[in-house]
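> Submitted below is the structure of interest, expressed as structure tokens.
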Amino acid sequence: MRVVVIGASGTIGAAVVDALTTQADVLAVSRSTAPLKVDIAAPESIRELFAKLGSFDALVCAAGQAIFAPLESLSDDDFRFSITNKLLGQVNLVRFGIASIRDKGSFTLTSGVLASEPTPGSPVISLVNAGLEGFVRAAALEAPRGIRINVVSPPWVRETLVAMGQDGTDGMPASNVAQAYLHSVQGGDNGRVIAARLFGRT
Ligand SMILES: NC(=O)c1ccc[n+]([C@@H]2O[C@H](COP(=O)([O-])OP(=O)(O)OC[C@H]3O[C@@H](n4cnc5c(N)ncnc54)[C@H](OP(=O)(O)O)[C@@H]3O)[C@@H](O)[C@H]2O)c1
């Protein structure tokens, strides 16, 4: 099985690569640090990546940025950046990748817990994450050739909290979060928001 992992150098992406590596031929893609590069915020870059890759069985995206800031301070550019990057970037992976994915293949995108459990400062991230979840539910209904489309919703990841100088004990280890992606790639789910919390200790 050929699996494309976008965001492979990141906290979650690297754990997904580790989890998949004994069972699949993993093609690791990142913005700047992997041998295969893409900028998901740039549609042309996504098209160029798919032209290089050829056909594959699954695509996991654990990449995408959105701005964390209070509503009053958010600029038009902050909204534009977040929507272009994490939301449309991942939507375009499905739109442009569907021609290259094999029959019964799967796309697994990433939203986040702030879609359903917002905090002050999360209006744009909550918007983007909820948008991704709506997109996946609808797009899965139309996917041809047995192709499945899911989105994983991670909680706060332990390694991320520690890197931010916070107490990591409330976070979920990235290796546990990765199990949710594995479930999406290997199982039969379609059109589902997969809560990573179900796959281990938070
Ligand atoms: N970590 C958490 O606690 C958490 C919780 C909920 C949701 N999430 C979501 O999970 C996703 C991954 O989070 P993470 O913490 O693993 O991120 P991370 O450690 O910052 O890693 C991000 C990865 O994505 C790549 N990337 C960034 N911008 C990109 C772009 N425009 N095009 C292509 N690749 C790009 C990076 O590549 P380079 O290294 O080459 O720049 C890196 O491989 C994000 O969407 C985040 O919102 C994370």
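Ordering of the structure tokens sets the chain letters (A, B, ...); residue numbers start at 1 within each chain; ligands are numbered from 1 in the order shown.
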Can you tell me which residues surround range 125-140 of chain A at a distance of at most 7 Å, considering only C-alpha atoms, apart from same-chain residues fewer than 6 positions away, and format the answer as an mmCIF file with all heavy atoms, in the first residue's frame?


data_model
loop_
_atom_site.group_PDB
_atom_site.id
_atom_site.type_symbol
_atom_site.label_atom_id
_atom_site.label_comp_id
_atom_site.auth_asym_id
_atom_site.auth_seq_id
_atom_site.Cartn_x
_atom_site.Cartn_y
_atom_site.Cartn_z
ATOM 1 N N ALA A 66 -3.799 27.715 11.200
ATOM 2 C CA ALA A 66 -4.865 28.718 11.369
ATOM 3 C C ALA A 66 -4.473 29.570 12.575
ATOM 4 O O ALA A 66 -3.741 29.116 13.458
ATOM 5 C CB ALA A 66 -6.212 28.034 11.595
ATOM 6 N N ILE A 67 -4.959 30.799 12.579
ATOM 7 C CA ILE A 67 -4.501 31.781 13.581
ATOM 8 C C ILE A 67 -5.296 31.671 14.880
ATOM 9 O O ILE A 67 -6.535 31.660 14.852
ATOM 10 C CB ILE A 67 -4.669 33.221 13.027
ATOM 11 C CG1 ILE A 67 -3.953 33.372 11.682
ATOM 12 C CG2 ILE A 67 -4.200 34.259 14.043
ATOM 13 C CD1 ILE A 67 -2.454 33.417 11.737
ATOM 14 N N PHE A 68 -4.578 31.601 15.998
ATOM 15 C CA PHE A 68 -5.210 31.621 17.323
ATOM 16 C C PHE A 68 -5.123 33.047 17.852
ATOM 17 O O PHE A 68 -4.036 33.547 18.144
ATOM 18 C CB PHE A 68 -4.487 30.655 18.262
ATOM 19 C CG PHE A 68 -5.189 30.471 19.584
ATOM 20 C CD1 PHE A 68 -6.166 29.494 19.739
ATOM 21 C CD2 PHE A 68 -4.884 31.277 20.677
ATOM 22 C CE1 PHE A 68 -6.825 29.320 20.955
ATOM 23 C CE2 PHE A 68 -5.537 31.116 21.896
ATOM 24 C CZ PHE A 68 -6.507 30.134 22.029
ATOM 25 N N ILE A 83 -8.160 30.274 6.303
ATOM 26 C CA ILE A 83 -9.066 29.564 5.387
ATOM 27 C C ILE A 83 -8.277 29.010 4.200
ATOM 28 O O ILE A 83 -8.475 27.866 3.778
ATOM 29 C CB ILE A 83 -10.216 30.503 4.951
ATOM 30 C CG1 ILE A 83 -11.140 30.738 6.149
ATOM 31 C CG2 ILE A 83 -10.984 29.924 3.769
ATOM 32 C CD1 ILE A 83 -12.134 31.864 5.977
ATOM 33 N N LYS A 86 -5.269 25.956 6.279
ATOM 34 C CA LYS A 86 -5.729 24.675 6.860
ATOM 35 C C LYS A 86 -7.021 24.165 6.205
ATOM 36 O O LYS A 86 -7.180 22.963 5.996
ATOM 37 C CB LYS A 86 -5.927 24.819 8.374
ATOM 38 C CG LYS A 86 -6.283 23.480 9.032
ATOM 39 C CD LYS A 86 -6.219 23.490 10.540
ATOM 40 C CE LYS A 86 -6.639 22.136 11.103
ATOM 41 N NZ LYS A 86 -6.557 22.052 12.552
ATOM 42 N N LEU A 87 -7.948 25.080 5.874
ATOM 43 C CA LEU A 87 -9.237 24.624 5.318
ATOM 44 C C LEU A 87 -9.128 24.295 3.830
ATOM 45 O O LEU A 87 -9.217 23.130 3.427
ATOM 46 C CB LEU A 87 -10.323 25.677 5.577
ATOM 47 C CG LEU A 87 -11.711 25.360 5.011
ATOM 48 C CD1 LEU A 87 -12.256 24.040 5.524
ATOM 49 C CD2 LEU A 87 -12.694 26.489 5.337
ATOM 50 N N SER A 111 -8.743 17.920 11.593
ATOM 51 C CA SER A 111 -9.429 19.122 12.112
ATOM 52 C C SER A 111 -8.852 19.391 13.504
ATOM 53 O O SER A 111 -7.681 19.731 13.628
ATOM 54 C CB SER A 111 -10.945 18.920 12.135
ATOM 55 O OG SER A 111 -11.334 17.826 12.940
ATOM 56 N N GLY A 112 -9.630 19.237 14.560
ATOM 57 C CA GLY A 112 -9.128 19.472 15.912
ATOM 58 C C GLY A 112 -10.275 19.697 16.868
ATOM 59 O O GLY A 112 -11.391 20.053 16.467
ATOM 60 N N LEU A 114 -11.023 21.944 18.789
ATOM 61 C CA LEU A 114 -11.619 23.291 18.913
ATOM 62 C C LEU A 114 -12.841 23.466 18.010
ATOM 63 O O LEU A 114 -13.585 24.446 18.152
ATOM 64 C CB LEU A 114 -10.567 24.366 18.626
ATOM 65 C CG LEU A 114 -9.424 24.447 19.649
ATOM 66 C CD1 LEU A 114 -8.342 25.432 19.193
ATOM 67 C CD2 LEU A 114 -9.950 24.841 21.028
ATOM 68 N N ALA A 115 -13.095 22.501 17.107
ATOM 69 C CA ALA A 115 -14.337 22.558 16.312
ATOM 70 C C ALA A 115 -15.552 22.462 17.218
ATOM 71 O O ALA A 115 -16.562 23.140 17.010
ATOM 72 C CB ALA A 115 -14.363 21.425 15.297
ATOM 73 N N PRO A 118 -14.787 24.983 21.707
ATOM 74 C CA PRO A 118 -14.056 26.234 21.490
ATOM 75 C C PRO A 118 -13.548 26.861 22.777
ATOM 76 O O PRO A 118 -14.053 26.554 23.854
ATOM 77 C CB PRO A 118 -15.113 27.138 20.833
ATOM 78 C CG PRO A 118 -16.417 26.583 21.276
ATOM 79 C CD PRO A 118 -16.226 25.101 21.410
ATOM 80 N N ARG A 148 -12.824 6.496 0.285
ATOM 81 C CA ARG A 148 -13.335 6.963 1.579
ATOM 82 C C ARG A 148 -12.658 8.278 1.958
ATOM 83 O O ARG A 148 -11.484 8.495 1.617
ATOM 84 C CB ARG A 148 -13.057 5.910 2.664
ATOM 85 C CG ARG A 148 -13.715 4.573 2.393
ATOM 86 C CD ARG A 148 -13.398 3.523 3.461
ATOM 87 N NE ARG A 148 -11.987 3.175 3.526
ATOM 88 C CZ ARG A 148 -11.158 3.548 4.479
ATOM 89 N NH1 ARG A 148 -11.589 4.270 5.507
ATOM 90 N NH2 ARG A 148 -9.884 3.215 4.446
ATOM 91 N N ILE A 149 -13.409 9.132 2.667
ATOM 92 C CA ILE A 149 -12.867 10.423 3.115
ATOM 93 C C ILE A 149 -13.265 10.628 4.577
ATOM 94 O O ILE A 149 -14.457 10.643 4.903
ATOM 95 C CB ILE A 149 -13.408 11.602 2.267
ATOM 96 C CG1 ILE A 149 -13.275 11.318 0.767
ATOM 97 C CG2 ILE A 149 -12.684 12.903 2.627
ATOM 98 C CD1 ILE A 149 -13.897 12.379 -0.128
ATOM 99 N N ASN A 150 -12.266 10.750 5.452
ATOM 100 C CA ASN A 150 -12.507 10.970 6.877
ATOM 101 C C ASN A 150 -11.660 12.134 7.371
ATOM 102 O O ASN A 150 -10.725 12.573 6.692
ATOM 103 C CB ASN A 150 -12.134 9.714 7.684
ATOM 104 C CG ASN A 150 -13.005 8.527 7.337
ATOM 105 O OD1 ASN A 150 -14.229 8.581 7.461
ATOM 106 N ND2 ASN A 150 -12.387 7.444 6.877
ATOM 107 N N VAL A 151 -11.977 12.594 8.567
ATOM 108 C CA VAL A 151 -11.149 13.618 9.206
ATOM 109 C C VAL A 151 -10.902 13.188 10.647
ATOM 110 O O VAL A 151 -11.831 12.746 11.328
ATOM 111 C CB VAL A 151 -11.817 15.015 9.102
ATOM 112 C CG1 VAL A 151 -13.184 15.061 9.760
ATOM 113 C CG2 VAL A 151 -10.928 16.106 9.689
ATOM 114 N N ASN A 190 -16.203 5.931 6.531
ATOM 115 C CA ASN A 190 -16.318 6.911 5.435
ATOM 116 C C ASN A 190 -17.193 8.068 5.894
ATOM 117 O O ASN A 190 -18.254 7.855 6.488
ATOM 118 C CB ASN A 190 -16.936 6.240 4.200
ATOM 119 C CG ASN A 190 -16.876 7.155 2.988
ATOM 120 O OD1 ASN A 190 -16.008 8.031 2.898
ATOM 121 N ND2 ASN A 190 -17.785 6.956 2.051
ATOM 122 N N GLY A 191 -16.714 9.292 5.663
ATOM 123 C CA GLY A 191 -17.503 10.474 6.026
ATOM 124 C C GLY A 191 -17.550 10.710 7.525
ATOM 125 O O GLY A 191 -18.443 11.377 8.021
ATOM 126 N N ARG A 192 -16.560 10.180 8.225
ATOM 127 C CA ARG A 192 -16.585 10.257 9.693
ATOM 128 C C ARG A 192 -15.607 11.282 10.246
ATOM 129 O O ARG A 192 -14.510 11.475 9.705
ATOM 130 C CB ARG A 192 -16.213 8.896 10.298
ATOM 131 C CG ARG A 192 -17.428 8.005 10.559
ATOM 132 C CD ARG A 192 -17.074 6.914 11.558
ATOM 133 N NE ARG A 192 -16.739 7.429 12.872
ATOM 134 C CZ ARG A 192 -16.010 6.767 13.783
ATOM 135 N NH1 ARG A 192 -15.528 5.581 13.508
ATOM 136 N NH2 ARG A 192 -15.755 7.293 14.955
ATOM 137 N N VAL A 193 -16.038 11.916 11.346
ATOM 138 C CA VAL A 193 -15.117 12.708 12.158
ATOM 139 C C VAL A 193 -14.623 11.751 13.241
ATOM 140 O O VAL A 193 -15.409 11.305 14.084
ATOM 141 C CB VAL A 193 -15.823 13.917 12.797
ATOM 142 C CG1 VAL A 193 -14.861 14.677 13.696
ATOM 143 C CG2 VAL A 193 -16.417 14.824 11.715
#

> Counting only C-alpha atoms and all ligand atoms, what are the residues, protein, DNA or RNA alike, that approach ligand 1 to within 6 Å? I want them as a list in words.

Gly7, Ala8, Ser9, Gly10, Thr11, Ile12, Gly13, Ser30, Arg31, Ser32, Thr33, Val38, Asp39, Ile40, Ala41, Ala62, Ala63, Gly64, Gln65, Thr110, Ser111, Gly112, Val113, Pro154, Pro155, Trp156, Val157 and Thr160 of chain A

> What separation in Å, quoted to one decimal, exists between CA of Ser122 in chain A and CA of Arg95 in chain A?

26.7 Å

> Between A:Val16, A:Val124, A:Ile46, A:Ile101, single out the one closest to Tyr181 in chain A, counting only C-alpha atoms.

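Smallest separation from Tyr181 in chain A among the options: A:Val16.
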
> Could you pull the residues within 7 Å of Val5 in chain A, counting only C-alpha atoms, minus those fewer than 3 positions along the same chain, as a list in words?

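Residues near the query, excluding close chain neighbours: Ala8, Gly13, Val26, Leu27, Ala28, Val29, Leu59, Val60 and Cys61 of chain A.
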
> Selection from above, C-alpha atoms, as a compact mmCIF listing (two decimals), in the first residue's frame, can you write it?


# COMPACT_ATOMS: atom_id res chain seq x y z
CA ALA A 8 5.37 14.11 7.87
CA GLY A 13 2.70 13.52 11.10
CA VAL A 26 5.12 5.77 3.10
CA LEU A 27 5.76 8.84 0.96
CA ALA A 28 6.70 11.57 3.45
CA VAL A 29 5.80 15.11 2.38
CA LEU A 59 -3.37 10.16 1.70
CA VAL A 60 -3.08 11.47 5.27
CA CYS A 61 -2.78 15.19 5.89

> Quick one: DSSP alpha helix (DSSP H) residues in range 19-199 of chain A, as a short mmCIF file (atom, residue, chain, number, x, y, z; two decimals) with N, CA and C atoms, in the first residue's frame?


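Okay, this is what ended up in selection.cif:
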data_model
loop_
_atom_site.label_atom_id
_atom_site.label_comp_id
_atom_site.auth_asym_id
_atom_site.auth_seq_id
_atom_site.Cartn_x
_atom_site.Cartn_y
_atom_site.Cartn_z
N ALA A 19 3.83 4.94 12.77
CA ALA A 19 2.79 3.91 12.93
C ALA A 19 2.56 3.14 11.63
N LEU A 20 2.75 3.81 10.50
CA LEU A 20 2.43 3.20 9.21
C LEU A 20 3.60 2.46 8.59
N PRO A 43 -2.50 26.18 -4.53
CA PRO A 43 -3.08 25.13 -5.37
C PRO A 43 -2.11 24.56 -6.41
N GLU A 44 -1.27 25.41 -7.01
CA GLU A 44 -0.33 24.92 -8.04
C GLU A 44 0.67 23.94 -7.45
N SER A 45 1.08 24.21 -6.20
CA SER A 45 2.04 23.34 -5.53
C SER A 45 1.42 21.95 -5.30
N ILE A 46 0.14 21.92 -4.95
CA ILE A 46 -0.55 20.63 -4.75
C ILE A 46 -0.63 19.88 -6.08
N ARG A 47 -0.99 20.60 -7.14
CA ARG A 47 -1.09 19.94 -8.45
C ARG A 47 0.26 19.37 -8.88
N GLU A 48 1.33 20.14 -8.62
CA GLU A 48 2.68 19.65 -8.98
C GLU A 48 3.05 18.41 -8.19
N LEU A 49 2.67 18.37 -6.90
CA LEU A 49 2.97 17.20 -6.07
C LEU A 49 2.29 15.96 -6.66
N PHE A 50 1.00 16.06 -6.98
CA PHE A 50 0.29 14.89 -7.49
C PHE A 50 0.86 14.46 -8.84
N ALA A 51 1.29 15.40 -9.64
CA ALA A 51 1.88 15.04 -10.94
C ALA A 51 3.16 14.22 -10.71
N LYS A 52 3.91 14.54 -9.64
CA LYS A 52 5.16 13.81 -9.33
C LYS A 52 4.89 12.43 -8.73
N LEU A 53 3.82 12.34 -7.89
CA LEU A 53 3.62 11.13 -7.09
C LEU A 53 3.11 9.94 -7.88
N ASP A 76 -8.65 40.81 8.43
CA ASP A 76 -9.08 40.12 7.21
C ASP A 76 -8.00 39.13 6.77
N ASP A 77 -6.75 39.56 6.90
CA ASP A 77 -5.64 38.68 6.48
C ASP A 77 -5.57 37.42 7.34
N ASP A 78 -5.87 37.57 8.63
CA ASP A 78 -5.85 36.39 9.50
C ASP A 78 -6.90 35.37 9.05
N PHE A 79 -8.10 35.87 8.73
CA PHE A 79 -9.15 34.96 8.23
C PHE A 79 -8.71 34.33 6.91
N ARG A 80 -8.21 35.19 6.00
CA ARG A 80 -7.82 34.71 4.67
C ARG A 80 -6.72 33.65 4.80
N PHE A 81 -5.73 33.94 5.62
CA PHE A 81 -4.61 32.99 5.81
C PHE A 81 -5.13 31.63 6.29
N SER A 82 -5.97 31.67 7.31
CA SER A 82 -6.41 30.42 7.96
C SER A 82 -7.27 29.59 7.01
N LEU A 88 -8.89 25.31 3.00
CA LEU A 88 -8.87 25.04 1.55
C LEU A 88 -7.69 24.17 1.15
N GLY A 89 -6.59 24.30 1.89
CA GLY A 89 -5.42 23.46 1.59
C GLY A 89 -5.79 21.99 1.63
N GLN A 90 -6.50 21.60 2.69
CA GLN A 90 -6.86 20.18 2.82
C GLN A 90 -8.00 19.79 1.87
N VAL A 91 -8.93 20.71 1.67
CA VAL A 91 -10.01 20.46 0.70
C VAL A 91 -9.40 20.21 -0.68
N ASN A 92 -8.40 21.02 -1.04
CA ASN A 92 -7.79 20.89 -2.37
C ASN A 92 -6.99 19.59 -2.51
N LEU A 93 -6.49 19.07 -1.40
CA LEU A 93 -5.81 17.76 -1.49
C LEU A 93 -6.78 16.70 -1.97
N VAL A 94 -8.03 16.79 -1.50
CA VAL A 94 -9.05 15.83 -1.96
C VAL A 94 -9.45 16.16 -3.40
N ARG A 95 -9.74 17.44 -3.66
CA ARG A 95 -10.22 17.82 -5.00
C ARG A 95 -9.21 17.43 -6.09
N PHE A 96 -7.94 17.73 -5.86
CA PHE A 96 -6.93 17.48 -6.90
C PHE A 96 -6.36 16.06 -6.82
N GLY A 97 -6.49 15.44 -5.65
CA GLY A 97 -5.89 14.11 -5.46
C GLY A 97 -6.78 12.97 -5.91
N PRO A 123 -11.90 31.54 17.49
CA PRO A 123 -12.94 31.67 16.45
C PRO A 123 -12.50 31.21 15.06
N VAL A 124 -11.31 31.57 14.63
CA VAL A 124 -10.92 31.17 13.26
C VAL A 124 -10.61 29.67 13.22
N ILE A 125 -9.89 29.19 14.23
CA ILE A 125 -9.55 27.76 14.21
C ILE A 125 -10.82 26.91 14.30
N SER A 126 -11.77 27.34 15.13
CA SER A 126 -13.03 26.59 15.24
C SER A 126 -13.79 26.61 13.92
N LEU A 127 -13.78 27.77 13.25
CA LEU A 127 -14.42 27.90 11.94
C LEU A 127 -13.81 26.93 10.93
N VAL A 128 -12.50 26.93 10.87
CA VAL A 128 -11.78 26.10 9.90
C VAL A 128 -12.00 24.61 10.20
N ASN A 129 -11.87 24.23 11.47
CA ASN A 129 -12.02 22.82 11.84
C ASN A 129 -13.44 22.32 11.57
N ALA A 130 -14.43 23.15 11.92
CA ALA A 130 -15.82 22.75 11.68
C ALA A 130 -16.09 22.68 10.17
N GLY A 131 -15.48 23.59 9.42
CA GLY A 131 -15.63 23.57 7.95
C GLY A 131 -15.09 22.28 7.37
N LEU A 132 -13.94 21.85 7.86
CA LEU A 132 -13.35 20.59 7.38
C LEU A 132 -14.26 19.42 7.68
N GLU A 133 -14.85 19.43 8.86
CA GLU A 133 -15.71 18.30 9.25
C GLU A 133 -16.97 18.27 8.38
N GLY A 134 -17.54 19.44 8.09
CA GLY A 134 -18.71 19.50 7.20
C GLY A 134 -18.34 19.04 5.79
N PHE A 135 -17.18 19.48 5.32
CA PHE A 135 -16.73 19.10 3.98
C PHE A 135 -16.61 17.58 3.86
N VAL A 136 -15.97 16.98 4.85
CA VAL A 136 -15.72 15.53 4.78
C VAL A 136 -17.04 14.75 4.79
N ARG A 137 -17.96 15.17 5.65
CA ARG A 137 -19.25 14.46 5.70
C ARG A 137 -19.95 14.50 4.34
N ALA A 138 -19.90 15.67 3.68
CA ALA A 138 -20.60 15.82 2.40
C ALA A 138 -19.83 15.19 1.25
N ALA A 139 -18.52 15.42 1.20
CA ALA A 139 -17.72 14.92 0.06
C ALA A 139 -17.72 13.39 0.03
N ALA A 140 -17.77 12.78 1.22
CA ALA A 140 -17.76 11.31 1.29
C ALA A 140 -18.98 10.72 0.58
N LEU A 141 -20.09 11.45 0.58
CA LEU A 141 -21.31 10.96 -0.07
C LEU A 141 -21.14 10.83 -1.58
N GLU A 142 -20.23 11.65 -2.11
CA GLU A 142 -20.07 11.70 -3.58
C GLU A 142 -18.82 11.00 -4.07
N ARG A 158 0.30 15.90 23.73
CA ARG A 158 1.22 16.09 24.87
C ARG A 158 2.51 16.80 24.45
N GLU A 159 3.13 16.34 23.37
CA GLU A 159 4.41 16.91 22.94
C GLU A 159 4.25 18.39 22.57
N THR A 160 3.09 18.75 22.04
CA THR A 160 2.84 20.14 21.66
C THR A 160 2.74 21.01 22.91
N LEU A 161 2.01 20.53 23.91
CA LEU A 161 1.87 21.28 25.16
C LEU A 161 3.24 21.48 25.81
N VAL A 162 4.04 20.42 25.83
CA VAL A 162 5.37 20.52 26.44
C VAL A 162 6.23 21.52 25.65
N ALA A 163 6.16 21.46 24.32
CA ALA A 163 6.94 22.41 23.50
C ALA A 163 6.50 23.85 23.75
N ALA A 174 1.43 11.80 20.99
CA ALA A 174 1.26 11.76 19.52
C ALA A 174 1.14 10.33 19.01
N SER A 175 1.82 9.39 19.67
CA SER A 175 1.75 7.99 19.20
C SER A 175 0.33 7.44 19.35
N ASN A 176 -0.40 7.90 20.37
CA ASN A 176 -1.80 7.47 20.51
C ASN A 176 -2.69 8.14 19.46
N VAL A 177 -2.44 9.44 19.24
CA VAL A 177 -3.21 10.17 18.22
C VAL A 177 -3.05 9.47 16.87
N ALA A 178 -1.84 8.99 16.61
CA ALA A 178 -1.56 8.35 15.31
C ALA A 178 -2.44 7.14 15.07
N GLN A 179 -2.90 6.48 16.15
CA GLN A 179 -3.75 5.30 15.98
C GLN A 179 -5.08 5.64 15.31
N ALA A 180 -5.55 6.88 15.53
CA ALA A 180 -6.80 7.31 14.88
C ALA A 180 -6.61 7.40 13.36
N TYR A 181 -5.44 7.84 12.93
CA TYR A 181 -5.14 7.93 11.50
C TYR A 181 -5.03 6.53 10.89
N LEU A 182 -4.37 5.65 11.66
CA LEU A 182 -4.25 4.25 11.21
C LEU A 182 -5.63 3.63 11.02
N HIS A 183 -6.51 3.90 11.97
CA HIS A 183 -7.89 3.39 11.91
C HIS A 183 -8.58 3.90 10.64
N SER A 184 -8.37 5.17 10.34
CA SER A 184 -9.02 5.74 9.15
C SER A 184 -8.49 5.09 7.87
N VAL A 185 -7.17 4.89 7.83
CA VAL A 185 -6.55 4.33 6.61
C VAL A 185 -6.93 2.86 6.43
N GLN A 186 -6.93 2.12 7.53
CA GLN A 186 -7.07 0.65 7.41
C GLN A 186 -8.50 0.15 7.59
#

> Please, which residues of range 15-59 of chain A, numbered as in this document, come out strand (DSSP E or B) from DSSP, as a PyMOL selection string?

chain A and resi 25-30+36-37+56-59

> Can you list, as a PyMOL selection string, every protein, DNA or RNA residue that comes within 9 Å of Ala24 in chain A when you count only C-alpha atoms, leaving out same-chain residues fewer than 3 positions away?

chain A and resi 1-3+20-21

> For the residues in the current selection, export C-alpha atoms as a PDB file, in the first residue's frame.


ATOM      1  CA  MET A   1       0.000   0.000   0.000  1.00  0.00           C
ATOM      2  CA  ARG A   2       1.375   3.442  -0.993  1.00  0.00           C
ATOM      3  CA  VAL A   3       0.446   6.058   1.606  1.00  0.00           C
ATOM      4  CA  LEU A  20       2.429   3.200   9.209  1.00  0.00           C
ATOM      5  CA  THR A  21       5.967   2.458   8.254  1.00  0.00           C
TER       6      THR A  21
END
